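Engineer: See start.pdb below, with PDB, C-alpha atoms.
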MODEL        1
ATOM      1  CA  MET A   1       0.000   0.000   0.000
ATOM      2  CA  PRO A   2       1.448   3.383  -0.926
ATOM      3  CA  ASP A   3       2.494   5.660   1.886
ATOM      4  CA  SER A   4       1.065   9.061   2.637
ATOM      5  CA  LEU A   5       3.971  11.021   1.095
ATOM      6  CA  THR A   6       3.519   9.279  -2.253
ATOM      7  CA  LYS A   7      -0.198  10.010  -2.136
ATOM      8  CA  ALA A   8       0.504  13.630  -1.180
ATOM      9  CA  ILE A   9       2.925  14.031  -4.095
ATOM     10  CA  GLU A  10       0.361  12.613  -6.488
ATOM     11  CA  ALA A  11      -2.374  14.846  -5.092
ATOM     12  CA  ARG A  12      -0.234  17.963  -5.490
ATOM     13  CA  LEU A  13       0.833  16.842  -8.962
ATOM     14  CA  GLU A  14      -2.821  16.486  -9.948
ATOM     15  CA  ARG A  15      -3.461  20.037  -8.701
ATOM     16  CA  TYR A  16      -0.692  21.268 -11.002
ATOM     17  CA  LEU A  17      -1.875  19.176 -13.950
ATOM     18  CA  HIS A  18      -5.413  20.547 -13.533
ATOM     19  CA  ARG A  19      -4.044  24.101 -13.294
ATOM     20  CA  GLU A  20      -5.180  24.566  -9.706
ATOM     21  CA  ASP A  21      -1.565  25.310  -8.688
ATOM     22  CA  SER A  22       1.141  27.054 -10.687
ATOM     23  CA  LEU A  23       4.460  25.350 -11.324
ATOM     24  CA  ALA A  24       6.060  27.694  -8.780
ATOM     25  CA  GLU A  25       3.484  26.681  -6.143
ATOM     26  CA  PHE A  26       3.962  22.990  -6.924
ATOM     27  CA  GLU A  27       7.766  23.261  -6.711
ATOM     28  CA  ALA A  28       7.555  25.343  -3.515
ATOM     29  CA  TRP A  29       5.646  22.441  -1.923
ATOM     30  CA  LEU A  30       7.575  19.551  -3.540
ATOM     31  CA  VAL A  31      11.151  20.550  -2.775
ATOM     32  CA  PRO A  32      10.959  20.866   1.031
ATOM     33  CA  GLU A  33       8.674  17.840   1.311
ATOM     34  CA  THR A  34      10.974  15.507  -0.616
ATOM     35  CA  TRP A  35      14.549  16.819  -0.394
ATOM     36  CA  ASP A  36      15.624  14.219   2.171
ATOM     37  CA  VAL A  37      13.595  11.188   1.035
ATOM     38  CA  SER A  38      15.941   8.290   0.333
ATOM     39  CA  PRO A  39      15.162   5.228  -1.784
ATOM     40  CA  GLN A  40      15.869   3.060   1.256
ATOM     41  CA  SER A  41      13.294   4.802   3.438
ATOM     42  CA  ASP A  42      10.551   5.410   0.844
ATOM     43  CA  ARG A  43      11.277   4.027  -2.600
ATOM     44  CA  ALA A  44       7.979   4.974  -4.268
ATOM     45  CA  ALA A  45       8.048   8.581  -3.050
ATOM     46  CA  HIS A  46      11.735   8.912  -3.950
ATOM     47  CA  GLU A  47      11.228   7.584  -7.479
ATOM     48  CA  LEU A  48       8.187   9.765  -8.118
ATOM     49  CA  ALA A  49       9.834  12.909  -6.718
ATOM     50  CA  THR A  50      13.004  12.245  -8.722
ATOM     51  CA  ALA A  51      11.071  11.696 -11.949
ATOM     52  CA  ILE A  52       9.122  14.918 -11.405
ATOM     53  CA  THR A  53      12.244  16.905 -10.533
ATOM     54  CA  LEU A  54      14.089  15.673 -13.636
ATOM     55  CA  ARG A  55      11.224  16.709 -15.901
ATOM     56  CA  ILE A  56      10.997  20.123 -14.259
ATOM     57  CA  ALA A  57      14.750  20.534 -14.788
ATOM     58  CA  GLU A  58      14.329  19.790 -18.507
ATOM     59  CA  PHE A  59      11.577  22.420 -18.687
ATOM     60  CA  THR A  60      13.684  24.950 -16.754
ATOM     61  CA  ASN A  61      16.595  24.292 -19.119
ATOM     62  CA  GLY A  62      14.375  25.336 -22.031
ATOM     63  CA  ASP A  63      14.018  21.864 -23.533
ATOM     64  CA  TRP A  64      10.218  21.860 -23.205
ATOM     65  CA  THR A  65       7.263  24.202 -23.118
ATOM     66  CA  GLU A  66       5.137  24.134 -19.989
ATOM     67  CA  GLU A  67       2.507  22.191 -21.921
ATOM     68  CA  ASP A  68       5.175  19.602 -22.808
ATOM     69  CA  LEU A  69       6.048  19.449 -19.115
ATOM     70  CA  ARG A  70       2.412  18.864 -18.141
ATOM     71  CA  ASP A  71       2.155  16.078 -20.730
ATOM     72  CA  ALA A  72       5.368  14.435 -19.487
ATOM     73  CA  LEU A  73       4.221  14.633 -15.858
ATOM     74  CA  ALA A  74       0.774  13.293 -16.727
ATOM     75  CA  ASP A  75       2.413  10.253 -18.346
ATOM     76  CA  LEU A  76       4.470   9.321 -15.281
ATOM     77  CA  PRO A  77       3.707   5.920 -13.735
ATOM     78  CA  ARG A  78       1.953   6.467 -10.439
ATOM     79  CA  PRO A  79       3.163   4.341  -7.511
ATOM     80  CA  ALA A  80       0.048   5.121  -5.505
ATOM     81  CA  LEU A  81      -2.027   2.837  -7.681
ATOM     82  CA  THR A  82      -5.007   1.797  -5.605
ATOM     83  CA  PRO A  83      -6.175  -1.735  -6.391
ATOM     84  CA  LEU A  84      -9.903  -2.252  -6.093
ATOM     85  CA  LEU A  85     -10.350  -5.859  -7.222
ATOM     86  CA  LEU A  86      -8.103  -8.581  -8.565
ATOM     87  CA  SER A  87      -9.327 -11.769 -10.152
ATOM     88  CA  THR A  88      -7.687 -14.240 -12.509
ATOM     89  CA  GLU A  89      -8.936 -12.315 -15.563
ATOM     90  CA  THR A  90      -9.190  -8.628 -14.757
ATOM     91  CA  PHE A  91      -7.709  -6.082 -12.450
ATOM     92  CA  MET A  92      -9.834  -3.126 -11.403
ATOM     93  CA  TYR A  93      -7.749  -0.150 -10.388
ATOM     94  CA  SER A  94      -7.691   3.500  -9.640
ATOM     95  CA  GLY A  95      -4.568   5.276 -10.777
ATOM     96  CA  GLY A  96      -2.553   6.679 -13.629
ATOM     97  CA  LYS A  97      -1.375   5.294 -16.924
ATOM     98  CA  GLY A  98       1.603   2.956 -16.970
ATOM     99  CA  GLU A  99       2.640  -0.664 -16.762
ATOM    100  CA  TYR A 100       2.193  -2.574 -13.532
ATOM    101  CA  THR A 101       2.956  -6.010 -12.173
ATOM    102  CA  VAL A 102       0.557  -7.557  -9.686
ATOM    103  CA  LEU A 103       0.301 -10.831  -7.822
ATOM    104  CA  GLY A 104      -2.362 -12.850  -9.615
ATOM    105  CA  SER A 105      -4.100 -16.091  -8.868
ATOM    106  CA  GLN A 106      -2.027 -18.941  -7.450
ATOM    107  CA  ASN A 107       0.749 -16.438  -6.630
ATOM    108  CA  HIS A 108       1.716 -15.882 -10.282
ATOM    109  CA  LEU A 109       2.860 -12.427 -11.275
ATOM    110  CA  ALA A 110       0.780 -10.729 -13.943
ATOM    111  CA  LYS A 111       1.693  -7.648 -15.971
ATOM    112  CA  PHE A 112      -0.811  -5.238 -17.397
ATOM    113  CA  ALA A 113      -0.806  -1.861 -19.072
ATOM    114  CA  VAL A 114      -3.039   0.981 -17.945
ATOM    115  CA  VAL A 115      -4.248   3.175 -20.777
ATOM    116  CA  GLY A 116      -7.054   4.946 -18.933
ATOM    117  CA  ASN A 117      -9.122   4.665 -15.787
ATOM    118  CA  GLY A 118     -11.381   1.712 -15.154
ATOM    119  CA  ARG A 119     -10.596  -1.796 -16.312
ATOM    120  CA  SER A 120      -7.551  -3.445 -17.834
ATOM    121  CA  GLU A 121      -7.091  -6.985 -19.041
ATOM    122  CA  VAL A 122      -4.186  -8.961 -17.626
ATOM    123  CA  VAL A 123      -1.737  -9.619 -20.444
ATOM    124  CA  ALA A 124       0.459 -12.340 -18.980
TER     125      ALA A 124
ENDMDL
END
For this file, write the structure as structure tokens.
Structural biologist:
Amino acid sequence: MPDSLTKAIEARLERYLHREDSLAEFEAWLVPETWDVSPQSDRAAHELATAITLRIAEFTNGDWTEEDLRDALADLPRPALTPLLLSTETFMYSGGKGEYTVLGSQNHLAKFAVVGNGRSEVVA
């Protein structure tokens, strides 16, 4: 289950993506909240914060427009994926786009790709 910092990062990211917060407001919150998060103490939060920070750095460097930045941030895998139901055929979820691996029936790992919200078929 994702921790509260990962969920908080995702919530603040969503505020930025929906234009409720400016980039400056998002960064002003993100930096002090995540500057000392190590991968050993909170891997999901560290990976998400690092991915966000790298994309912001590319924008700041002039490589992207702010719209490009929003698109890149919207496409990030979200560690705070909230599983709702898992069966041998389908996985119901709440979360962002990406590829995920879950424990399926009889303890087999199953991979699936999320292309939207709702329902995704298990692919292996």
Engineer: Given the file shown, determine the residues that the PyMOL selection byres ((chain A and resi 22-38) around 10) selects; report them as a PDB file with C-alpha atoms, in the frame of the given file.
Structural biologist:
ATOM      1  CA  LEU A   5       3.971  11.021   1.095  1.00  0.00           C
ATOM      2  CA  THR A   6       3.519   9.279  -2.253  1.00  0.00           C
ATOM      3  CA  ALA A   8       0.504  13.630  -1.180  1.00  0.00           C
ATOM      4  CA  ILE A   9       2.925  14.031  -4.095  1.00  0.00           C
ATOM      5  CA  ARG A  12      -0.234  17.963  -5.490  1.00  0.00           C
ATOM      6  CA  LEU A  13       0.833  16.842  -8.962  1.00  0.00           C
ATOM      7  CA  GLU A  14      -2.821  16.486  -9.948  1.00  0.00           C
ATOM      8  CA  ARG A  15      -3.461  20.037  -8.701  1.00  0.00           C
ATOM      9  CA  TYR A  16      -0.692  21.268 -11.002  1.00  0.00           C
ATOM     10  CA  LEU A  17      -1.875  19.176 -13.950  1.00  0.00           C
ATOM     11  CA  HIS A  18      -5.413  20.547 -13.533  1.00  0.00           C
ATOM     12  CA  ARG A  19      -4.044  24.101 -13.294  1.00  0.00           C
ATOM     13  CA  GLU A  20      -5.180  24.566  -9.706  1.00  0.00           C
ATOM     14  CA  ASP A  21      -1.565  25.310  -8.688  1.00  0.00           C
ATOM     15  CA  PRO A  39      15.162   5.228  -1.784  1.00  0.00           C
ATOM     16  CA  GLN A  40      15.869   3.060   1.256  1.00  0.00           C
ATOM     17  CA  SER A  41      13.294   4.802   3.438  1.00  0.00           C
ATOM     18  CA  ASP A  42      10.551   5.410   0.844  1.00  0.00           C
ATOM     19  CA  ARG A  43      11.277   4.027  -2.600  1.00  0.00           C
ATOM     20  CA  ALA A  44       7.979   4.974  -4.268  1.00  0.00           C
ATOM     21  CA  ALA A  45       8.048   8.581  -3.050  1.00  0.00           C
ATOM     22  CA  HIS A  46      11.735   8.912  -3.950  1.00  0.00           C
ATOM     23  CA  GLU A  47      11.228   7.584  -7.479  1.00  0.00           C
ATOM     24  CA  LEU A  48       8.187   9.765  -8.118  1.00  0.00           C
ATOM     25  CA  ALA A  49       9.834  12.909  -6.718  1.00  0.00           C
ATOM     26  CA  THR A  50      13.004  12.245  -8.722  1.00  0.00           C
ATOM     27  CA  ILE A  52       9.122  14.918 -11.405  1.00  0.00           C
ATOM     28  CA  THR A  53      12.244  16.905 -10.533  1.00  0.00           C
ATOM     29  CA  ILE A  56      10.997  20.123 -14.259  1.00  0.00           C
ATOM     30  CA  GLU A  66       5.137  24.134 -19.989  1.00  0.00           C
ATOM     31  CA  LEU A  69       6.048  19.449 -19.115  1.00  0.00           C
ATOM     32  CA  ARG A  70       2.412  18.864 -18.141  1.00  0.00           C
TER      33      ARG A  70
END
Engineer: Give me the box for region 63-78 of chain A as lines of an AutoDock Vina configuration file, namely the centre and edge lengths in Å to one decimal of a box along x, y and z that holds every listed atom plus 6 Å on each side.
Structural biologist:
center_x = 7.4
center_y = 15.1
center_z = -17.0
size_x = 25.2
size_y = 30.3
size_z = 25.1
Engineer: To one decimal place in Å, what is the distance between CA of Asp3 (chain A) and CA of Ala57 (chain A)?
Structural biologist: 25.5 Å
Engineer: CA of Leu73 (chain A) and CA of Thr60 (chain A) are how many Å apart?
Structural biologist: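 Separation of CA of Leu73 (chain A) and CA of Thr60 (chain A): 14.0 Å.
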Engineer: Enter the distance from CA of Lys7 (chain A) to CA of Asp63 (chain A), in Å, rounded to one decimal.
Structural biologist: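 Those two atoms sit 28.3 Å apart.
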